[in-house]
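Q: Below is upload-v7.cif; it holds mmCIF, C-alpha atoms (C1' of nucleotides).
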```cif
data_upload
loop_
_atom_site.label_atom_id
_atom_site.label_comp_id
_atom_site.auth_asym_id
_atom_site.auth_seq_id
_atom_site.Cartn_x
_atom_site.Cartn_y
_atom_site.Cartn_z
CA MET A 1 26.18 86.67 -83.07
CA GLU A 2 28.49 85.14 -80.48
CA LEU A 3 31.55 83.23 -81.62
CA ALA A 4 30.46 80.05 -79.87
CA GLU A 5 27.06 80.16 -81.55
CA GLY A 6 28.67 80.83 -84.91
CA LYS A 7 30.98 77.86 -84.56
CA GLU A 8 28.09 75.66 -83.59
CA LYS A 9 26.04 76.72 -86.61
CA PHE A 10 28.97 76.27 -88.90
CA ILE A 11 29.61 72.76 -87.62
CA GLN A 12 25.97 71.82 -88.15
CA ALA A 13 25.85 73.26 -91.65
CA TRP A 14 29.11 71.64 -92.68
CA GLY A 15 27.83 68.32 -91.36
CA THR A 16 24.71 68.55 -93.47
CA LEU A 17 26.65 69.54 -96.57
CA GLY A 18 29.14 66.74 -96.10
CA SER A 19 26.51 64.07 -95.83
CA ASN A 20 25.53 64.83 -99.42
CA TRP A 21 29.11 64.34 -100.51
CA GLY A 22 29.94 60.87 -99.26
CA ILE A 23 31.28 62.24 -96.00
CA ASN A 24 29.11 61.22 -93.11
CA ARG A 25 27.71 63.84 -90.79
CA THR A 26 30.15 63.24 -87.94
CA MET A 27 33.10 63.05 -90.28
CA ALA A 28 32.17 66.43 -91.75
CA GLN A 29 31.53 67.90 -88.29
CA ILE A 30 34.98 66.88 -87.13
CA HIS A 31 36.43 68.54 -90.18
CA ALA A 32 34.38 71.67 -89.45
CA LEU A 33 35.47 71.73 -85.81
CA LEU A 34 39.10 71.50 -86.81
CA LEU A 35 38.58 74.20 -89.43
CA VAL A 36 37.40 76.69 -86.85
CA SER A 37 39.77 75.67 -84.06
CA PRO A 38 42.69 78.02 -83.77
CA ALA A 39 45.00 75.22 -82.59
CA PRO A 40 45.32 71.50 -83.38
CA LEU A 41 42.99 69.30 -81.31
CA SER A 42 43.50 65.87 -79.81
CA ALA A 43 41.03 63.02 -80.20
CA ASP A 44 39.84 63.69 -76.64
CA GLU A 45 39.07 67.29 -77.40
CA VAL A 46 37.14 66.31 -80.51
CA MET A 47 35.15 63.78 -78.48
CA ALA A 48 34.36 66.35 -75.82
CA GLN A 49 33.36 69.15 -78.13
CA LEU A 50 31.14 67.10 -80.40
CA ASN A 51 29.86 64.75 -77.73
CA ILE A 52 30.77 61.61 -79.54
CA SER A 53 32.32 58.35 -78.45
CA ARG A 54 35.96 57.45 -78.70
CA GLY A 55 35.36 54.80 -81.34
CA ASN A 56 33.35 57.13 -83.49
CA ALA A 57 35.91 59.91 -83.23
CA ASN A 58 38.73 57.56 -84.05
CA MET A 59 37.09 56.02 -87.09
CA ASN A 60 36.05 59.29 -88.59
CA ILE A 61 39.39 60.96 -87.96
CA ARG A 62 41.07 58.03 -89.73
CA ALA A 63 38.69 58.42 -92.65
CA LEU A 64 39.42 62.15 -92.84
CA ILE A 65 43.13 61.39 -92.91
CA ASP A 66 42.59 58.86 -95.71
CA TRP A 67 40.75 61.52 -97.67
CA ARG A 68 43.59 63.95 -96.91
CA LEU A 69 41.18 66.40 -95.36
CA VAL A 70 42.92 66.24 -91.99
CA GLN A 71 46.55 65.86 -91.00
CA LYS A 72 48.09 64.26 -87.94
CA ILE A 73 50.48 66.42 -85.95
CA HIS A 74 52.96 65.45 -83.26
CA LYS A 75 53.56 68.10 -80.65
CA GLN A 76 56.93 68.55 -79.02
CA GLY A 77 57.02 66.53 -75.81
CA GLU A 78 53.40 65.33 -76.09
CA ARG A 79 52.58 61.74 -76.58
CA LYS A 80 49.08 62.38 -77.88
CA GLU A 81 48.35 62.89 -81.54
CA PHE A 82 46.83 66.19 -82.62
CA PHE A 83 44.88 66.97 -85.73
CA VAL A 84 44.46 69.90 -88.07
CA ALA A 85 42.09 70.38 -90.99
CA GLU A 86 43.03 71.19 -94.54
CA LYS A 87 41.89 74.78 -94.82
CA ASP A 88 42.42 75.41 -98.51
CA MET A 89 38.95 74.86 -99.98
CA TRP A 90 40.33 74.05 -103.38
CA GLU A 91 42.38 71.23 -101.82
CA VAL A 92 39.31 70.03 -99.94
CA VAL A 93 37.20 69.85 -103.08
CA ARG A 94 40.06 68.38 -105.05
CA ASN A 95 40.52 65.55 -102.58
CA VAL A 96 36.82 64.85 -102.45
CA ILE A 97 36.76 64.65 -106.25
CA ILE A 98 39.72 62.27 -106.21
CA GLU A 99 38.02 59.92 -103.74
CA ARG A 100 34.70 59.96 -105.50
CA LYS A 101 36.16 59.48 -108.92
CA LYS A 102 37.97 56.44 -107.60
CA LYS A 103 34.94 55.05 -105.84
CA GLU A 104 32.29 55.83 -108.44
CA LEU A 105 33.42 56.65 -111.93
CA GLU A 106 36.02 53.93 -112.23
CA PRO A 107 33.76 51.04 -111.10
CA MET A 108 31.05 52.32 -113.46
CA VAL A 109 33.44 52.27 -116.39
CA ARG A 110 34.37 48.68 -115.52
CA VAL A 111 30.72 47.62 -115.55
CA LEU A 112 30.08 49.42 -118.83
CA ASN A 113 32.96 47.56 -120.41
CA GLU A 114 31.56 44.24 -119.28
CA LEU A 115 28.21 45.20 -120.74
CA SER A 116 29.77 45.61 -124.15
CA THR A 117 29.91 41.83 -124.33
CA VAL A 118 26.14 41.64 -124.77
CA GLU A 119 25.73 40.38 -128.32
CA ALA A 120 23.87 42.80 -130.54
CA VAL A 121 21.68 40.24 -132.25
CA ASP A 122 18.21 41.73 -132.39
CA ASN A 123 16.93 45.25 -132.42
CA GLU A 124 16.51 45.53 -128.69
CA SER A 125 20.06 44.49 -127.96
CA LYS A 126 21.32 46.94 -130.55
CA GLU A 127 19.47 49.73 -128.78
CA PHE A 128 20.93 48.57 -125.49
CA GLN A 129 24.40 48.77 -127.01
CA GLU A 130 23.68 52.32 -128.12
CA VAL A 131 22.74 53.41 -124.62
CA VAL A 132 25.82 51.77 -123.16
CA LYS A 133 28.04 53.31 -125.80
CA ASP A 134 26.69 56.80 -125.13
CA ILE A 135 27.27 56.49 -121.43
CA LYS A 136 30.77 55.15 -121.98
CA LEU A 137 31.61 58.05 -124.22
CA PHE A 138 30.26 60.51 -121.70
CA SER A 139 32.09 58.81 -118.84
CA SER A 140 35.41 58.89 -120.57
CA LYS A 141 34.98 62.59 -121.32
CA ALA A 142 34.05 63.24 -117.72
CA ASP A 143 36.98 61.17 -116.57
CA SER A 144 39.53 63.16 -118.55
CA ALA A 145 37.94 66.44 -117.58
CA LEU A 146 38.14 65.53 -113.90
CA GLU A 147 41.66 64.23 -114.30
CA ARG A 148 42.77 67.58 -115.65
CA LEU A 149 40.82 69.42 -112.99
CA ILE A 150 42.57 67.38 -110.31
CA ARG A 151 45.96 68.08 -111.77
CA SER A 152 45.42 71.80 -112.07
CA ASP A 153 46.24 73.94 -109.07
CA SER A 154 44.37 76.22 -106.78
CA SER A 155 45.35 79.56 -108.21
CA TRP A 156 44.50 78.35 -111.65
CA PHE A 157 41.07 77.30 -110.53
CA VAL A 158 40.23 80.47 -108.71
CA GLY A 159 41.75 82.78 -111.25
CA THR A 160 41.09 81.21 -114.58
CA PHE A 161 38.39 78.60 -114.58
CA LEU A 162 35.72 81.20 -114.29
CA LYS A 163 36.88 83.12 -117.32
CA MET A 164 37.57 80.05 -119.40
CA ILE A 165 34.21 78.57 -118.90
CA LYS A 166 32.42 81.57 -120.42
CA MET V 167 26.44 38.06 -122.14
CA GLU V 168 22.69 37.81 -122.52
CA LEU V 169 20.66 40.98 -122.98
CA ALA V 170 18.56 40.30 -119.88
CA GLU V 171 21.64 39.81 -117.75
CA GLY V 172 23.20 42.97 -119.15
CA LYS V 173 20.12 45.00 -118.34
CA GLU V 174 20.04 43.62 -114.83
CA LYS V 175 23.69 44.50 -114.24
CA PHE V 176 23.22 47.94 -115.66
CA ILE V 177 20.24 48.61 -113.40
CA GLN V 178 22.21 47.52 -110.34
CA ALA V 179 25.23 49.61 -111.24
CA TRP V 180 23.16 52.68 -112.01
CA GLY V 181 21.37 52.29 -108.70
CA THR V 182 24.64 52.22 -106.81
CA LEU V 183 25.99 55.21 -108.68
CA GLY V 184 22.82 57.18 -108.13
CA SER V 185 22.79 56.67 -104.41
CA ASN V 186 26.04 58.62 -104.22
CA TRP V 187 24.43 61.48 -106.08
CA GLY V 188 21.38 62.31 -104.02
CA ILE V 189 19.23 59.95 -106.05
CA ASN V 190 18.12 57.02 -103.99
CA ARG V 191 18.79 53.53 -105.18
CA THR V 192 15.27 52.78 -106.38
CA MET V 193 14.94 56.14 -108.05
CA ALA V 194 18.13 55.51 -109.99
CA GLN V 195 17.07 51.96 -110.83
CA ILE V 196 13.82 53.20 -112.30
CA HIS V 197 15.76 55.66 -114.40
CA ALA V 198 18.08 52.86 -115.52
CA LEU V 199 15.18 50.58 -116.39
CA LEU V 200 13.59 53.29 -118.51
CA LEU V 201 16.93 54.01 -120.16
CA VAL V 202 17.25 50.47 -121.43
CA SER V 203 13.58 49.91 -122.27
CA PRO V 204 12.92 50.31 -125.95
CA ALA V 205 9.38 51.59 -125.31
CA PRO V 206 7.80 53.79 -122.63
CA LEU V 207 6.73 51.85 -119.53
CA SER V 208 3.71 52.25 -117.27
CA ALA V 209 3.93 52.39 -113.50
CA ASP V 210 2.71 48.80 -113.36
CA GLU V 211 5.48 47.60 -115.61
CA VAL V 212 8.07 49.40 -113.51
CA MET V 213 6.63 47.80 -110.36
CA ALA V 214 6.70 44.38 -111.92
CA GLN V 215 10.19 44.58 -113.37
CA LEU V 216 11.86 45.98 -110.28
CA ASN V 217 9.70 44.17 -107.76
CA ILE V 218 8.71 47.24 -105.83
CA SER V 219 5.45 48.44 -104.38
CA ARG V 220 3.03 50.82 -106.00
CA GLY V 221 3.73 53.58 -103.50
CA ASN V 222 7.45 53.31 -103.92
CA ALA V 223 7.21 53.33 -107.70
CA ASN V 224 4.90 56.30 -107.68
CA MET V 225 6.97 58.42 -105.33
CA ASN V 226 10.23 57.77 -107.11
CA ILE V 227 8.75 58.34 -110.55
CA ARG V 228 7.40 61.70 -109.31
CA ALA V 229 10.82 62.59 -107.96
CA LEU V 230 12.43 61.67 -111.28
CA ILE V 231 9.96 63.89 -113.07
CA ASP V 232 10.75 66.76 -110.66
CA TRP V 233 14.41 66.33 -111.44
CA ARG V 234 13.54 66.24 -115.16
CA LEU V 235 15.20 62.87 -115.57
CA VAL V 236 11.97 61.23 -116.69
CA GLN V 237 9.05 62.45 -118.77
CA LYS V 238 5.42 61.49 -118.65
CA ILE V 239 3.86 60.32 -121.90
CA HIS V 240 0.21 59.87 -122.82
CA LYS V 241 -0.49 57.15 -125.30
CA GLN V 242 -3.27 57.41 -127.84
CA GLY V 243 -6.38 55.73 -126.45
CA GLU V 244 -4.72 54.62 -123.21
CA ARG V 245 -5.71 55.96 -119.87
CA LYS V 246 -2.52 54.91 -118.15
CA GLU V 247 0.49 57.19 -117.99
CA PHE V 248 3.74 56.00 -119.52
CA PHE V 249 7.23 57.12 -118.75
CA VAL V 250 10.48 57.59 -120.66
CA ALA V 251 13.95 58.47 -119.39
CA GLU V 252 16.08 61.38 -120.46
CA LYS V 253 18.76 59.66 -122.48
CA ASP V 254 21.11 62.55 -123.15
CA MET V 255 23.76 62.10 -120.48
CA TRP V 256 24.69 65.74 -120.56
CA GLU V 257 21.08 66.66 -119.73
CA VAL V 258 21.03 64.08 -116.96
CA VAL V 259 24.15 65.49 -115.34
CA ARG V 260 23.00 69.04 -115.93
CA ASN V 261 19.72 68.44 -114.14
CA VAL V 262 21.42 66.70 -111.26
CA ILE V 263 23.75 69.68 -110.89
CA ILE V 264 20.80 72.07 -110.93
CA GLU V 265 19.02 70.18 -108.15
CA ARG V 266 22.07 69.79 -105.98
CA LYS V 267 23.15 73.38 -106.37
CA LYS V 268 19.68 74.44 -105.23
CA LYS V 269 19.61 72.03 -102.32
CA GLU V 270 23.19 72.38 -101.09
CA LEU V 271 25.16 75.33 -102.31
CA GLU V 272 22.46 77.93 -101.84
CA PRO V 273 21.58 76.98 -98.24
CA MET V 274 25.28 76.91 -97.40
CA VAL V 275 25.76 80.43 -98.72
CA ARG V 276 22.83 81.59 -96.59
CA VAL V 277 24.41 80.14 -93.45
CA LEU V 278 27.78 81.65 -94.28
CA ASN V 279 26.19 85.05 -94.61
CA GLU V 280 24.58 84.73 -91.20
CA LEU V 281 27.94 83.77 -89.77
CA SER V 282 29.40 87.04 -90.92
CA THR V 283 27.52 88.67 -88.08
CA VAL V 284 29.86 87.13 -85.52
CA GLU V 285 31.70 90.14 -84.14
CA ALA V 286 35.43 90.01 -84.76
CA VAL V 287 36.49 91.18 -81.31
CA ASP V 288 39.34 88.95 -80.26
CA ASN V 289 41.90 86.98 -82.15
CA GLU V 290 39.92 83.79 -82.25
CA SER V 291 36.86 85.42 -83.74
CA LYS V 292 39.02 87.15 -86.31
CA GLU V 293 40.40 83.77 -87.37
CA PHE V 294 36.87 82.44 -87.54
CA GLN V 295 35.93 85.29 -89.83
CA GLU V 296 38.87 84.44 -92.06
CA VAL V 297 37.75 80.85 -92.45
CA VAL V 298 34.20 81.92 -93.21
CA LYS V 299 35.39 84.52 -95.71
CA ASP V 300 37.52 81.99 -97.56
CA ILE V 301 34.67 79.55 -97.84
CA LYS V 302 32.32 82.27 -99.01
CA LEU V 303 34.72 83.33 -101.68
CA PHE V 304 35.16 79.77 -102.82
CA SER V 305 31.41 79.13 -102.82
CA SER V 306 30.64 82.14 -104.91
CA LYS V 307 33.26 81.12 -107.46
CA ALA V 308 31.84 77.60 -107.54
CA ASP V 309 28.36 79.02 -107.86
CA SER V 310 29.18 81.11 -110.92
CA ALA V 311 31.18 78.31 -112.49
CA LEU V 312 28.24 75.92 -112.09
CA GLU V 313 25.80 78.53 -113.31
CA ARG V 314 27.74 78.89 -116.53
CA LEU V 315 28.14 75.15 -116.84
CA ILE V 316 24.37 74.75 -116.51
CA ARG V 317 23.68 77.36 -119.14
CA SER V 318 26.11 75.91 -121.62
CA ASP V 319 24.84 73.21 -123.96
CA SER V 320 25.64 69.61 -124.61
CA SER V 321 27.70 69.97 -127.76
CA TRP V 322 29.70 72.69 -126.08
CA PHE V 323 30.43 70.43 -123.18
CA VAL V 324 31.42 67.44 -125.18
CA GLY V 325 33.38 69.37 -127.76
CA THR V 326 35.02 72.16 -125.91
CA PHE V 327 35.24 71.66 -122.19
CA LEU V 328 37.93 69.09 -122.58
CA LYS V 329 40.18 71.35 -124.61
CA MET V 330 39.53 74.42 -122.54
CA ILE V 331 40.37 72.82 -119.29
CA LYS V 332 43.91 71.99 -120.42
"C1'" DA Z 333 59.15 43.64 -67.88
"C1'" DA Z 334 55.47 45.96 -65.82
"C1'" DG Z 335 52.82 49.99 -65.85
"C1'" DT Z 336 50.76 53.71 -68.21
"C1'" DA Z 337 49.04 56.59 -72.02
"C1'" DG Z 338 47.17 56.33 -76.06
"C1'" DT Z 339 44.85 54.01 -80.24
"C1'" DT Z 340 42.02 50.66 -82.68
"C1'" DT Z 341 38.50 47.21 -83.20
"C1'" DC Z 342 34.00 45.29 -83.33
"C1'" DA Z 343 29.50 43.27 -81.62
"C1'" DC Z 344 25.60 45.46 -80.40
"C1'" DA Z 345 22.42 49.61 -80.06
"C1'" DA Z 346 20.44 53.68 -81.80
"C1'" DT Z 347 19.21 56.46 -85.46
"C1'" DT Z 348 18.07 57.55 -90.02
"C1'" DT Z 349 16.24 56.51 -94.44
"C1'" DA Z 350 13.51 53.76 -97.67
"C1'" DT Z 351 9.54 50.73 -98.59
"C1'" DT Z 352 5.10 48.81 -98.15
"C1'" DG Z 353 0.24 48.50 -98.83
"C1'" DA Z 354 -4.14 49.85 -97.86
"C1'" DA Z 355 -7.10 53.77 -97.89
"C1'" DA Z 356 -8.17 58.20 -99.86
"C1'" DG Z 357 -8.27 60.96 -103.88
"C1'" DT Z 358 -8.83 61.94 -108.94
"C1'" DT Z 359 -10.11 61.55 -113.57
"C1'" DT Z 360 -12.62 59.65 -117.33
"C1'" DG Z 361 -16.43 57.99 -119.91
"C1'" DA Z 362 -21.01 55.87 -120.29
"C1'" DT C 363 -23.87 60.91 -111.49
"C1'" DC C 364 -21.80 56.66 -110.85
"C1'" DA C 365 -18.23 53.48 -110.90
"C1'" DA C 366 -14.12 51.77 -112.94
"C1'" DA C 367 -9.33 52.85 -113.77
"C1'" DC C 368 -5.73 54.91 -112.25
"C1'" DT C 369 -2.73 57.89 -108.99
"C1'" DT C 370 -1.33 59.72 -104.55
"C1'" DT C 371 -0.67 59.76 -99.65
"C1'" DC C 372 1.01 58.30 -95.29
"C1'" DA C 373 1.34 55.55 -90.96
"C1'" DA C 374 3.54 51.42 -90.00
"C1'" DT C 375 7.49 48.59 -90.88
"C1'" DA C 376 11.81 47.09 -92.73
"C1'" DA C 377 16.42 47.91 -94.14
"C1'" DA C 378 20.61 50.33 -94.06
"C1'" DT C 379 23.73 53.31 -91.94
"C1'" DT C 380 26.04 55.32 -87.95
"C1'" DG C 381 27.44 55.44 -83.26
"C1'" DT C 382 28.79 53.34 -78.74
"C1'" DG C 383 31.88 51.65 -75.36
"C1'" DA C 384 34.38 48.17 -73.39
"C1'" DA C 385 38.10 45.15 -74.46
"C1'" DA C 386 42.21 44.28 -77.08
"C1'" DC C 387 46.15 46.09 -78.80
"C1'" DT C 388 50.53 49.04 -79.26
"C1'" DA C 389 54.24 51.53 -77.90
"C1'" DC C 390 56.65 54.37 -74.76
"C1'" DT C 391 58.80 55.06 -70.06
"C1'" DT C 392 61.06 53.84 -66.01
#
```
Go ahead and render the structure in this file as structure tokens.
A:
Amino acid sequence: MELAEGKEKFIQAWGTLGSNWGINRTMAQIHALLLVSPAPLSADEVMAQLNISRGNANMNIRALIDWRLVQKIHKQGERKEFFVAEKDMWEVVRNVIIERKKKELEPMVRVLNELSTVEAVDNESKEFQEVVKDIKLFSSKADSALERLIRSDSSWFVGTFLKMIK
Amino acid sequence: MELAEGKEKFIQAWGTLGSNWGINRTMAQIHALLLVSPAPLSADEVMAQLNISRGNANMNIRALIDWRLVQKIHKQGERKEFFVAEKDMWEVVRNVIIERKKKELEPMVRVLNELSTVEAVDNESKEFQEVVKDIKLFSSKADSALERLIRSDSSWFVGTFLKMIK
DNA sequence: AAGTAGTTTCACAATTTATTGAAAGTTTGA
DNA sequence: TCAAACTTTCAATAAATTGTGAAACTACTT
């Protein structure tokens, strides 16, 4: 396979994968492009290579920076901003987990806490309370597990997680 | 808070959460409704309570059954089918992981393997190979970790994972 | 302070995804 | 075997999400 074809396929695949992870297709494609680009790219280069508009490129690059999946670089004597992708996969996954935990788990826990104020008067409301309680318990376990996972480092993950989880 | 209001809020929140997990909003809402219903519901009851069409209800109930998040029940002397939700949160998460691993990780690994056939002639293609190799390594680690996670059981998860991951 | 290079915003357009509902298909029992 | 009860399918439609591009904005340079 040719390099150009390989890059193209990779960008497509990464785009598809990303869209299942709260990262929209273009956002993931920009990340993929930067992953396989030997040097930092400017917004114009990203636009040209992926055939997307300036606005789209800008918004998705900003989002990638927010998620810490891309960094901004200033080149000596250049006024333009350049961008590079985070290439350590553990960091990529870690940052995605951080964002999603913030956006999903935490709001859910808030709602569950509100729901605890349903008075358990009759049988049905008692059962409701049971369901809510179970989910809360599970969520708090998941929350601490993720918290620890986030705090642990790359080498630990790659080297140890696999053995530990046996 | 009133029970009815609590149920409503729960259904909304579960729908939102689900849509970030490859489960569309309605699909997740049906699951939520079944979770908080003391008795099994028929398709008609689901339609009525969530205000959705027959087709929509049917398709999403089927999908939930495929994902093993809902089971079909036949009541004595009734021709209609009734449905109940999986209430064990560990099973719910486990089944979601199984589906997503199948739909995302495995296709990605296939693409990565194809990409290995890019010939590493010049420097740029060698760098490309490096990136692909890293991701492959990471994916296979993630794959085995998830595989073990899937095989492990609920009590193990709740009781041990938390301590182990320290 | 005016010009230029670069970045951001946002109303509208295009695309993608979910929903409807009516028709077709299936199963059950008399 | 028929027809009632129930389930499934799918083309049309609606809703939600993404993308566009021109205009506004910012900041650097001379």
Q: Give chain V as a short mmCIF file (atom, residue, chain, number, x, y, z; two decimals) with C-alpha atoms, in the coordinates of the input once it has been least-squares superposed onto chain A over every C-alpha atom, paired in order.
A:
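Output below, filename out-v4.cif:
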```
data_model
loop_
_atom_site.label_atom_id
_atom_site.label_comp_id
_atom_site.auth_asym_id
_atom_site.auth_seq_id
_atom_site.Cartn_x
_atom_site.Cartn_y
_atom_site.Cartn_z
CA MET V 167 26.17 86.64 -83.06
CA GLU V 168 28.45 85.11 -80.47
CA LEU V 169 31.54 83.23 -81.60
CA ALA V 170 30.43 80.01 -79.89
CA GLU V 171 27.05 80.14 -81.56
CA GLY V 172 28.66 80.82 -84.92
CA LYS V 173 30.96 77.85 -84.57
CA GLU V 174 28.07 75.63 -83.61
CA LYS V 175 26.04 76.71 -86.63
CA PHE V 176 28.98 76.27 -88.93
CA ILE V 177 29.61 72.75 -87.65
CA GLN V 178 25.97 71.81 -88.20
CA ALA V 179 25.86 73.26 -91.69
CA TRP V 180 29.12 71.64 -92.71
CA GLY V 181 27.86 68.31 -91.42
CA THR V 182 24.73 68.56 -93.53
CA LEU V 183 26.67 69.56 -96.61
CA GLY V 184 29.16 66.77 -96.14
CA SER V 185 26.56 64.08 -95.89
CA ASN V 186 25.56 64.86 -99.47
CA TRP V 187 29.14 64.39 -100.57
CA GLY V 188 30.02 60.93 -99.37
CA ILE V 189 31.34 62.28 -96.09
CA ASN V 190 29.17 61.23 -93.22
CA ARG V 191 27.75 63.81 -90.90
CA THR V 192 30.16 63.21 -88.03
CA MET V 193 33.13 63.06 -90.34
CA ALA V 194 32.20 66.43 -91.79
CA GLN V 195 31.53 67.87 -88.34
CA ILE V 196 34.97 66.87 -87.17
CA HIS V 197 36.45 68.56 -90.20
CA ALA V 198 34.38 71.67 -89.46
CA LEU V 199 35.44 71.71 -85.83
CA LEU V 200 39.09 71.51 -86.81
CA LEU V 201 38.58 74.23 -89.41
CA VAL V 202 37.39 76.70 -86.83
CA SER V 203 39.76 75.68 -84.03
CA PRO V 204 42.68 78.03 -83.75
CA ALA V 205 44.97 75.24 -82.52
CA PRO V 206 45.31 71.53 -83.34
CA LEU V 207 42.97 69.32 -81.30
CA SER V 208 43.48 65.88 -79.79
CA ALA V 209 41.04 63.03 -80.21
CA ASP V 210 39.81 63.65 -76.67
CA GLU V 211 39.02 67.26 -77.40
CA VAL V 212 37.12 66.29 -80.53
CA MET V 213 35.13 63.73 -78.53
CA ALA V 214 34.33 66.26 -75.86
CA GLN V 215 33.33 69.09 -78.17
CA LEU V 216 31.12 67.03 -80.44
CA ASN V 217 29.84 64.66 -77.79
CA ILE V 218 30.76 61.51 -79.62
CA SER V 219 32.34 58.27 -78.54
CA ARG V 220 35.99 57.38 -78.77
CA GLY V 221 35.41 54.77 -81.45
CA ASN V 222 33.39 57.10 -83.59
CA ALA V 223 35.94 59.89 -83.28
CA ASN V 224 38.78 57.57 -84.10
CA MET V 225 37.18 56.02 -87.16
CA ASN V 226 36.10 59.31 -88.65
CA ILE V 227 39.43 60.99 -87.99
CA ARG V 228 41.14 58.07 -89.78
CA ALA V 229 38.76 58.45 -92.70
CA LEU V 230 39.47 62.18 -92.86
CA ILE V 231 43.17 61.46 -92.93
CA ASP V 232 42.66 58.92 -95.75
CA TRP V 233 40.82 61.56 -97.71
CA ARG V 234 43.64 64.02 -96.92
CA LEU V 235 41.21 66.46 -95.36
CA VAL V 236 42.95 66.28 -91.99
CA GLN V 237 46.58 65.93 -90.98
CA LYS V 238 48.11 64.34 -87.94
CA ILE V 239 50.47 66.49 -85.91
CA HIS V 240 52.94 65.49 -83.20
CA LYS V 241 53.52 68.07 -80.55
CA GLN V 242 56.88 68.51 -78.87
CA GLY V 243 56.93 66.47 -75.66
CA GLU V 244 53.34 65.25 -76.00
CA ARG V 245 52.48 61.66 -76.56
CA LYS V 246 49.01 62.36 -77.85
CA GLU V 247 48.34 62.92 -81.53
CA PHE V 248 46.82 66.22 -82.60
CA PHE V 249 44.89 66.99 -85.72
CA VAL V 250 44.46 69.95 -88.06
CA ALA V 251 42.10 70.42 -91.00
CA GLU V 252 43.04 71.24 -94.55
CA LYS V 253 41.89 74.82 -94.83
CA ASP V 254 42.44 75.45 -98.52
CA MET V 255 38.98 74.92 -99.98
CA TRP V 256 40.36 74.09 -103.37
CA GLU V 257 42.39 71.25 -101.83
CA VAL V 258 39.34 70.06 -99.93
CA VAL V 259 37.23 69.88 -103.07
CA ARG V 260 40.09 68.41 -105.05
CA ASN V 261 40.54 65.57 -102.59
CA VAL V 262 36.84 64.88 -102.45
CA ILE V 263 36.79 64.66 -106.25
CA ILE V 264 39.74 62.28 -106.22
CA GLU V 265 38.04 59.94 -103.75
CA ARG V 266 34.70 59.97 -105.49
CA LYS V 267 36.16 59.47 -108.92
CA LYS V 268 37.98 56.42 -107.59
CA LYS V 269 34.94 55.05 -105.82
CA GLU V 270 32.27 55.80 -108.41
CA LEU V 271 33.42 56.64 -111.89
CA GLU V 272 36.01 53.91 -112.20
CA PRO V 273 33.75 51.04 -111.07
CA MET V 274 31.04 52.32 -113.40
CA VAL V 275 33.41 52.25 -116.36
CA ARG V 276 34.34 48.67 -115.49
CA VAL V 277 30.69 47.61 -115.52
CA LEU V 278 30.05 49.41 -118.78
CA ASN V 279 32.92 47.56 -120.38
CA GLU V 280 31.52 44.23 -119.27
CA LEU V 281 28.18 45.21 -120.72
CA SER V 282 29.74 45.61 -124.12
CA THR V 283 29.86 41.84 -124.31
CA VAL V 284 26.09 41.65 -124.73
CA GLU V 285 25.69 40.39 -128.28
CA ALA V 286 23.87 42.83 -130.52
CA VAL V 287 21.66 40.28 -132.25
CA ASP V 288 18.21 41.77 -132.38
CA ASN V 289 16.92 45.28 -132.40
CA GLU V 290 16.49 45.55 -128.68
CA SER V 291 20.04 44.51 -127.93
CA LYS V 292 21.31 46.95 -130.52
CA GLU V 293 19.45 49.75 -128.74
CA PHE V 294 20.92 48.57 -125.47
CA GLN V 295 24.38 48.78 -126.97
CA GLU V 296 23.66 52.33 -128.08
CA VAL V 297 22.71 53.41 -124.58
CA VAL V 298 25.79 51.77 -123.12
CA LYS V 299 28.03 53.33 -125.76
CA ASP V 300 26.67 56.80 -125.08
CA ILE V 301 27.25 56.48 -121.38
CA LYS V 302 30.74 55.15 -121.93
CA LEU V 303 31.60 58.04 -124.15
CA PHE V 304 30.24 60.49 -121.64
CA SER V 305 32.08 58.80 -118.76
CA SER V 306 35.39 58.89 -120.50
CA LYS V 307 34.98 62.58 -121.26
CA ALA V 308 34.04 63.24 -117.64
CA ASP V 309 36.99 61.17 -116.51
CA SER V 310 39.53 63.16 -118.51
CA ALA V 311 37.93 66.45 -117.55
CA LEU V 312 38.15 65.54 -113.86
CA GLU V 313 41.67 64.24 -114.27
CA ARG V 314 42.78 67.59 -115.63
CA LEU V 315 40.83 69.44 -112.99
CA ILE V 316 42.60 67.40 -110.30
CA ARG V 317 46.00 68.09 -111.76
CA SER V 318 45.43 71.80 -112.07
CA ASP V 319 46.26 73.97 -109.07
CA SER V 320 44.37 76.24 -106.78
CA SER V 321 45.36 79.59 -108.22
CA TRP V 322 44.53 78.30 -111.66
CA PHE V 323 41.11 77.29 -110.51
CA VAL V 324 40.28 80.46 -108.75
CA GLY V 325 41.77 82.73 -111.36
CA THR V 326 41.08 81.09 -114.64
CA PHE V 327 38.33 78.52 -114.56
CA LEU V 328 35.71 81.17 -114.27
CA LYS V 329 36.86 83.04 -117.35
CA MET V 330 37.49 79.95 -119.40
CA ILE V 331 34.12 78.48 -118.84
CA LYS V 332 32.37 81.48 -120.40
#
```
Q: Specify as an MDAnalysis selection string each residue included when the PyMOL selection byres ((chain A) within 8 of (chain V)) is applied to this file.
A: chainID A and resid 1:3 6 9:10 13 17 20:22 35:36 38 87 89:90 104 108 111:112 115 117:119 124:125 127:128 131 134:135 138 141 144:145 148:149 158 161:162 164:166
Q: Applied to the shown file, which residues does the PyMOL selection byres ((chain A) within 8 of (chain C)) return, written as a list in words?
A: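 Given this file, the PyMOL selection byres ((chain A) within 8 of (chain C)) evaluates to Ile52, Ser53, Arg54, Gly55 and Asn56 of chain A.
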Q: Quick one: which residues from chain A are at most 8 Å off chain Z, using only C-alpha atoms (C1' of nucleotides), as an mmCIF file with C-alpha atoms, keeping the file's coordinate frame?
A:
```cif
data_model
loop_
_atom_site.group_PDB
_atom_site.id
_atom_site.type_symbol
_atom_site.label_atom_id
_atom_site.label_comp_id
_atom_site.auth_asym_id
_atom_site.auth_seq_id
_atom_site.Cartn_x
_atom_site.Cartn_y
_atom_site.Cartn_z
ATOM 1 C CA GLY A 55 35.360 54.800 -81.340
ATOM 2 C CA ASN A 58 38.730 57.560 -84.050
ATOM 3 C CA ARG A 79 52.580 61.740 -76.580
ATOM 4 C CA LYS A 80 49.080 62.380 -77.880
#
```
